$ cat query09.cif   # mmCIF, C-alpha atoms
data_upload
loop_
_atom_site.group_PDB
_atom_site.id
_atom_site.type_symbol
_atom_site.label_atom_id
_atom_site.label_comp_id
_atom_site.auth_asym_id
_atom_site.auth_seq_id
_atom_site.Cartn_x
_atom_site.Cartn_y
_atom_site.Cartn_z
ATOM 1 C CA GLN A 1 4.137 -19.906 2.016
ATOM 2 C CA VAL A 2 3.546 -16.290 1.018
ATOM 3 C CA GLN A 3 3.244 -13.918 3.949
ATOM 4 C CA LEU A 4 2.559 -10.206 3.817
ATOM 5 C CA VAL A 5 2.368 -8.392 7.150
ATOM 6 C CA GLU A 6 1.329 -4.763 7.227
ATOM 7 C CA SER A 7 2.069 -2.339 10.041
ATOM 8 C CA GLY A 8 2.128 1.367 10.746
ATOM 9 C CA GLY A 9 -1.553 2.216 10.705
ATOM 10 C CA GLY A 10 -3.277 4.206 13.389
ATOM 11 C CA LEU A 11 -5.332 7.248 14.253
ATOM 12 C CA VAL A 12 -4.097 10.535 12.838
ATOM 13 C CA GLN A 13 -5.527 14.014 12.556
ATOM 14 C CA PRO A 14 -6.335 15.535 9.161
ATOM 15 C CA GLY A 15 -3.171 16.869 7.599
ATOM 16 C CA GLY A 16 -1.036 14.353 9.441
ATOM 17 C CA SER A 17 1.285 11.672 8.132
ATOM 18 C CA LEU A 18 1.750 7.956 8.463
ATOM 19 C CA ARG A 19 4.218 5.469 7.048
ATOM 20 C CA LEU A 20 2.905 2.020 6.357
ATOM 21 C CA SER A 21 5.214 -0.971 6.046
ATOM 22 C CA CYS A 22 4.707 -4.421 4.608
ATOM 23 C CA ALA A 23 7.091 -7.229 5.487
ATOM 24 C CA ALA A 24 7.102 -9.939 2.841
ATOM 25 C CA SER A 25 8.299 -13.516 3.041
ATOM 26 C CA GLY A 26 7.867 -16.855 1.309
ATOM 27 C CA PHE A 27 8.498 -15.631 -2.225
ATOM 28 C CA THR A 28 11.088 -13.787 -4.297
ATOM 29 C CA PHE A 29 10.055 -10.259 -3.381
ATOM 30 C CA SER A 30 12.129 -8.525 -6.037
ATOM 31 C CA SER A 31 10.398 -10.495 -8.808
ATOM 32 C CA TYR A 32 6.897 -9.277 -8.022
ATOM 33 C CA TRP A 33 4.967 -6.118 -8.574
ATOM 34 C CA MET A 34 3.896 -4.804 -5.190
ATOM 35 C CA TYR A 35 0.672 -2.969 -4.523
ATOM 36 C CA TRP A 36 -1.155 -1.022 -1.869
ATOM 37 C CA VAL A 37 -4.933 -1.253 -1.951
ATOM 38 C CA ARG A 38 -7.491 -0.019 0.553
ATOM 39 C CA GLN A 39 -11.072 -0.584 1.578
ATOM 40 C CA ALA A 40 -13.077 2.123 3.256
ATOM 41 C CA PRO A 41 -16.001 1.212 5.509
ATOM 42 C CA GLY A 42 -18.937 0.062 3.405
ATOM 43 C CA LYS A 43 -17.036 0.427 0.134
ATOM 44 C CA GLY A 44 -15.200 -1.819 -2.280
ATOM 45 C CA LEU A 45 -11.498 -2.292 -2.741
ATOM 46 C CA GLU A 46 -9.626 0.685 -4.176
ATOM 47 C CA TRP A 47 -6.218 0.473 -5.761
ATOM 48 C CA VAL A 48 -3.862 3.044 -4.210
ATOM 49 C CA SER A 49 -0.412 2.527 -5.678
ATOM 50 C CA VAL A 50 1.882 0.031 -7.384
ATOM 51 C CA PHE A 51 5.635 -0.450 -7.641
ATOM 52 C CA PRO A 52 6.436 -2.646 -10.643
ATOM 53 C CA THR A 53 9.561 -4.766 -10.825
ATOM 54 C CA GLY A 54 10.926 -2.724 -13.691
ATOM 55 C CA GLY A 55 10.779 0.492 -11.758
ATOM 56 C CA GLY A 56 8.466 3.430 -11.983
ATOM 57 C CA THR A 57 5.557 4.004 -9.671
ATOM 58 C CA PHE A 58 1.877 4.643 -10.216
ATOM 59 C CA TYR A 59 -0.747 6.247 -8.031
ATOM 60 C CA ALA A 60 -4.498 6.559 -7.937
ATOM 61 C CA LYS A 61 -5.723 10.044 -8.685
ATOM 62 C CA SER A 62 -7.219 10.269 -5.197
ATOM 63 C CA VAL A 63 -3.803 10.044 -3.519
ATOM 64 C CA LYS A 64 -1.366 11.326 -6.129
ATOM 65 C CA GLY A 65 0.907 14.010 -4.739
ATOM 66 C CA ARG A 66 0.238 12.965 -1.158
ATOM 67 C CA VAL A 67 1.637 9.448 -0.993
ATOM 68 C CA THR A 68 4.887 7.806 -2.006
ATOM 69 C CA ILE A 69 5.370 4.094 -2.510
ATOM 70 C CA SER A 70 8.816 2.582 -2.096
ATOM 71 C CA ARG A 71 10.358 -0.827 -1.747
ATOM 72 C CA ASP A 72 13.551 -2.229 -0.265
ATOM 73 C CA ASN A 73 14.298 -5.475 -2.057
ATOM 74 C CA ALA A 74 17.174 -6.238 0.300
ATOM 75 C CA LYS A 75 14.781 -6.127 3.252
ATOM 76 C CA ASN A 76 11.775 -7.610 1.421
ATOM 77 C CA THR A 77 9.740 -4.654 2.563
ATOM 78 C CA LEU A 78 7.240 -2.363 0.889
ATOM 79 C CA TYR A 79 6.392 1.096 2.217
ATOM 80 C CA LEU A 80 3.722 3.714 1.763
ATOM 81 C CA GLN A 81 4.461 7.215 3.032
ATOM 82 C CA MET A 82 1.218 9.114 3.363
ATOM 83 C CA ASN A 83 1.151 12.863 3.932
ATOM 84 C CA ASP A 84 -1.604 15.444 4.213
ATOM 85 C CA LEU A 85 -4.059 12.748 5.187
ATOM 86 C CA LYS A 86 -7.759 13.413 4.764
ATOM 87 C CA PRO A 87 -10.799 11.832 6.420
ATOM 88 C CA GLU A 88 -11.581 10.124 3.119
ATOM 89 C CA ASP A 89 -8.301 8.232 3.428
ATOM 90 C CA THR A 90 -9.779 6.304 6.345
ATOM 91 C CA ALA A 91 -9.657 2.654 5.350
ATOM 92 C CA GLN A 92 -8.090 -0.714 5.909
ATOM 93 C CA TYR A 93 -4.866 -0.706 3.901
ATOM 94 C CA TYR A 94 -3.591 -3.905 2.353
ATOM 95 C CA CYS A 95 -0.258 -4.800 0.849
ATOM 96 C CA ALA A 96 -0.464 -7.171 -2.118
ATOM 97 C CA SER A 97 1.902 -8.966 -4.440
ATOM 98 C CA GLY A 98 1.292 -9.787 -8.051
ATOM 99 C CA GLY A 99 2.269 -9.101 -11.589
ATOM 100 C CA ASN A 100 1.412 -6.820 -14.435
ATOM 101 C CA TRP A 101 -1.777 -5.294 -13.050
ATOM 102 C CA TYR A 102 -2.989 -8.395 -11.241
ATOM 103 C CA LEU A 103 -2.812 -9.446 -7.591
ATOM 104 C CA THR A 104 -1.979 -12.894 -6.299
ATOM 105 C CA SER A 105 -1.623 -12.533 -2.536
ATOM 106 C CA TRP A 106 -2.330 -9.993 0.152
ATOM 107 C CA GLY A 107 -1.955 -9.442 3.827
ATOM 108 C CA GLN A 108 -4.385 -8.931 6.680
ATOM 109 C CA GLY A 109 -4.255 -5.175 6.459
ATOM 110 C CA THR A 110 -3.624 -2.250 8.784
ATOM 111 C CA GLN A 111 -6.262 0.292 9.765
ATOM 112 C CA VAL A 112 -5.780 3.973 9.028
ATOM 113 C CA THR A 113 -8.234 6.374 10.627
ATOM 114 C CA VAL A 114 -8.083 10.076 9.867
ATOM 115 C CA SER A 115 -10.162 12.075 12.299
ATOM 116 C CA SER A 116 -9.963 15.111 14.511
#

$ encode --input "query09.cif" --output "structure tokens"
Amino acid sequence: QVQLVESGGGLVQPGGSLRLSCAASGFTFSSYWMYWVRQAPGKGLEWVSVFPTGGGTFYAKSVKGRVTISRDNAKNTLYLQMNDLKPEDTAQYYCASGGNWYLTSWGQGTQVTVSS
């Protein structure tokens, strides 16, 4: 049974940083592309970043230069380091597994709120 459990969200002031984690289980983590997506209040899902199995990382224009995705295949864990956070980054952040630009499973999410 696929399980993705996000953690690390919280309330942070503008300009602050957070590191999100996603603990994965129930599948061969290293064989899947791993994604971060988010949903702001009243808005649709937005892709944030992806870490393909073959290496390389990709970021949405809205976060590029401020966030870094990483993965530890030995620990079955995905990370998202977020710096210089802005109020518009406020959203529920989800970790998802999948393949070549498609998602198959995701977690329950962790809330990130950026406010002074």

$ residues_around --input "query09.cif" --residues "A:Met82" --least-positions-apart "3" --cutoff "8 Å" --atoms "all atoms listed in the file" --output "number ranges by chain"
A: 17-20, 66-68, 85

$ write_last_selection --input "query09.cif" --atoms "C-alpha atoms" --output "PDB file, keeping the file's coordinate frame"
ATOM      1  CA  SER A  17       1.285  11.672   8.132  1.00  0.00           C
ATOM      2  CA  LEU A  18       1.750   7.956   8.463  1.00  0.00           C
ATOM      3  CA  ARG A  19       4.218   5.469   7.048  1.00  0.00           C
ATOM      4  CA  LEU A  20       2.905   2.020   6.357  1.00  0.00           C
ATOM      5  CA  ARG A  66       0.238  12.965  -1.158  1.00  0.00           C
ATOM      6  CA  VAL A  67       1.637   9.448  -0.993  1.00  0.00           C
ATOM      7  CA  THR A  68       4.887   7.806  -2.006  1.00  0.00           C
ATOM      8  CA  LEU A  85      -4.059  12.748   5.187  1.00  0.00           C
TER       9      LEU A  85
END

$ resolve_selection --input "query09.cif" --expression "the PyMOL selection byres ((chain A and resi 49) around 8)" --output "VMD selection string"
chain A and resid 35 to 37 47 to 48 50 to 51 57 to 60 69

$ atom_distance --input "query09.cif" --atom1 "atom CA of A:Lys86" --atom2 "atom CA of A:Leu11"
11.6 Å

$ residues_near_point --input "query09.cif" --point "(3.2, -12.1, 1.1)" --cutoff "12 Å" --atoms "all atoms listed in the file" --output "ChimeraX atom specification"
/A:1-6,22-30,32-35,76-78,94-98,103-109

$ axis_aligned_box --input "query09.cif" --around "stretch 90-95 of chain A" --padding-each-side "8 Å" --output "lines of an AutoDock Vina configuration file"
center_x = -5.0
center_y = 0.8
center_z = 3.6
size_x = 25.5
size_y = 27.1
size_z = 21.5

$ resolve_selection --input "query09.cif" --expression "the PyMOL selection byres ((chain A and resi 16) around 7)" --output "PDB file with C-alpha atoms, in the coordinates of the input"
ATOM      1  CA  VAL A  12      -4.097  10.535  12.838  1.00  0.00           C
ATOM      2  CA  GLN A  13      -5.527  14.014  12.556  1.00  0.00           C
ATOM      3  CA  PRO A  14      -6.335  15.535   9.161  1.00  0.00           C
ATOM      4  CA  GLY A  15      -3.171  16.869   7.599  1.00  0.00           C
ATOM      5  CA  SER A  17       1.285  11.672   8.132  1.00  0.00           C
ATOM      6  CA  ASN A  83       1.151  12.863   3.932  1.00  0.00           C
ATOM      7  CA  ASP A  84      -1.604  15.444   4.213  1.00  0.00           C
ATOM      8  CA  LEU A  85      -4.059  12.748   5.187  1.00  0.00           C
TER       9      LEU A  85
END

$ resolve_selection --input "query09.cif" --expression "the PyMOL selection byres ((chain A and resi 112) around 9)" --output "PyMOL selection string"
chain A and resi 8-12+18+89-93+110-111+113-114

$ atom_distance --input "query09.cif" --atom1 "atom CA of A:Glu88" --atom2 "atom CA of A:Pro41"
10.2 Å

$ atom_distance --input "query09.cif" --atom1 "atom CA of A:Tyr102" --atom2 "atom CA of A:Glu46"
13.3 Å

$ closest_residue --input "query09.cif" --among "A:Ser31, A:Ser116, A:Gln39, A:Ser21" --to "A:Ser70" --atoms "only C-alpha atoms"
A:Ser21

$ closest_residue --input "query09.cif" --among "A:Ser115, A:Pro87, A:Asn100, A:Lys61" --to "A:Ala40" --atoms "only C-alpha atoms"
A:Pro87

$ build_atoms --input "query09.cif" --residues "stretch 62-89 of chain A" --atoms "N, CA and C atoms" --output "compact mmCIF listing (two decimals), in the frame of the given file"
# COMPACT_ATOMS: atom_id res chain seq x y z
N SER A 62 -6.77 9.81 -6.51
CA SER A 62 -7.22 10.27 -5.20
C SER A 62 -6.08 10.51 -4.21
N VAL A 63 -4.91 9.92 -4.47
CA VAL A 63 -3.80 10.04 -3.52
C VAL A 63 -2.56 10.67 -4.15
N LYS A 64 -2.56 10.85 -5.45
CA LYS A 64 -1.37 11.33 -6.13
C LYS A 64 -0.93 12.67 -5.58
N GLY A 65 0.36 12.79 -5.31
CA GLY A 65 0.91 14.01 -4.74
C GLY A 65 0.95 14.01 -3.22
N ARG A 66 0.27 13.03 -2.62
CA ARG A 66 0.24 12.96 -1.16
C ARG A 66 0.89 11.69 -0.62
N VAL A 67 1.05 10.70 -1.45
CA VAL A 67 1.64 9.45 -0.99
C VAL A 67 2.81 9.06 -1.88
N THR A 68 3.73 8.31 -1.28
CA THR A 68 4.89 7.81 -2.01
C THR A 68 5.08 6.34 -1.67
N ILE A 69 5.10 5.51 -2.70
CA ILE A 69 5.37 4.09 -2.51
C ILE A 69 6.86 3.85 -2.72
N SER A 70 7.42 2.95 -1.92
CA SER A 70 8.82 2.58 -2.10
C SER A 70 8.98 1.13 -1.68
N ARG A 71 10.10 0.55 -2.11
CA ARG A 71 10.36 -0.83 -1.75
C ARG A 71 11.85 -1.00 -1.49
N ASP A 72 12.17 -1.88 -0.57
CA ASP A 72 13.55 -2.23 -0.26
C ASP A 72 13.68 -3.72 -0.53
N ASN A 73 14.21 -4.06 -1.68
CA ASN A 73 14.30 -5.48 -2.06
C ASN A 73 15.27 -6.25 -1.17
N ALA A 74 16.23 -5.56 -0.60
CA ALA A 74 17.17 -6.24 0.30
C ALA A 74 16.50 -6.63 1.62
N LYS A 75 15.49 -5.85 2.00
CA LYS A 75 14.78 -6.13 3.25
C LYS A 75 13.42 -6.78 3.02
N ASN A 76 13.09 -7.02 1.75
CA ASN A 76 11.78 -7.61 1.42
C ASN A 76 10.64 -6.81 2.05
N THR A 77 10.72 -5.51 1.92
CA THR A 77 9.74 -4.65 2.56
C THR A 77 9.22 -3.60 1.59
N LEU A 78 7.92 -3.38 1.68
CA LEU A 78 7.24 -2.36 0.89
C LEU A 78 6.77 -1.27 1.85
N TYR A 79 6.79 -0.04 1.38
CA TYR A 79 6.39 1.10 2.22
C TYR A 79 5.36 1.96 1.49
N LEU A 80 4.60 2.68 2.31
CA LEU A 80 3.72 3.71 1.76
C LEU A 80 3.78 4.90 2.71
N GLN A 81 4.42 5.97 2.27
CA GLN A 81 4.46 7.22 3.03
C GLN A 81 3.25 8.04 2.64
N MET A 82 2.45 8.37 3.62
CA MET A 82 1.22 9.11 3.36
C MET A 82 1.27 10.44 4.09
N ASN A 83 1.11 11.52 3.38
CA ASN A 83 1.15 12.86 3.93
C ASN A 83 -0.17 13.57 3.66
N ASP A 84 -0.39 14.64 4.40
CA ASP A 84 -1.60 15.44 4.21
C ASP A 84 -2.85 14.56 4.18
N LEU A 85 -2.96 13.71 5.16
CA LEU A 85 -4.06 12.75 5.19
C LEU A 85 -5.40 13.44 5.37
N LYS A 86 -6.42 12.86 4.74
CA LYS A 86 -7.76 13.41 4.76
C LYS A 86 -8.71 12.38 5.35
N PRO A 87 -9.84 12.80 5.88
CA PRO A 87 -10.80 11.83 6.42
C PRO A 87 -11.18 10.76 5.40
N GLU A 88 -11.21 11.11 4.14
CA GLU A 88 -11.58 10.12 3.12
C GLU A 88 -10.49 9.09 2.88
N ASP A 89 -9.34 9.26 3.49
CA ASP A 89 -8.30 8.23 3.43
C ASP A 89 -8.52 7.14 4.47
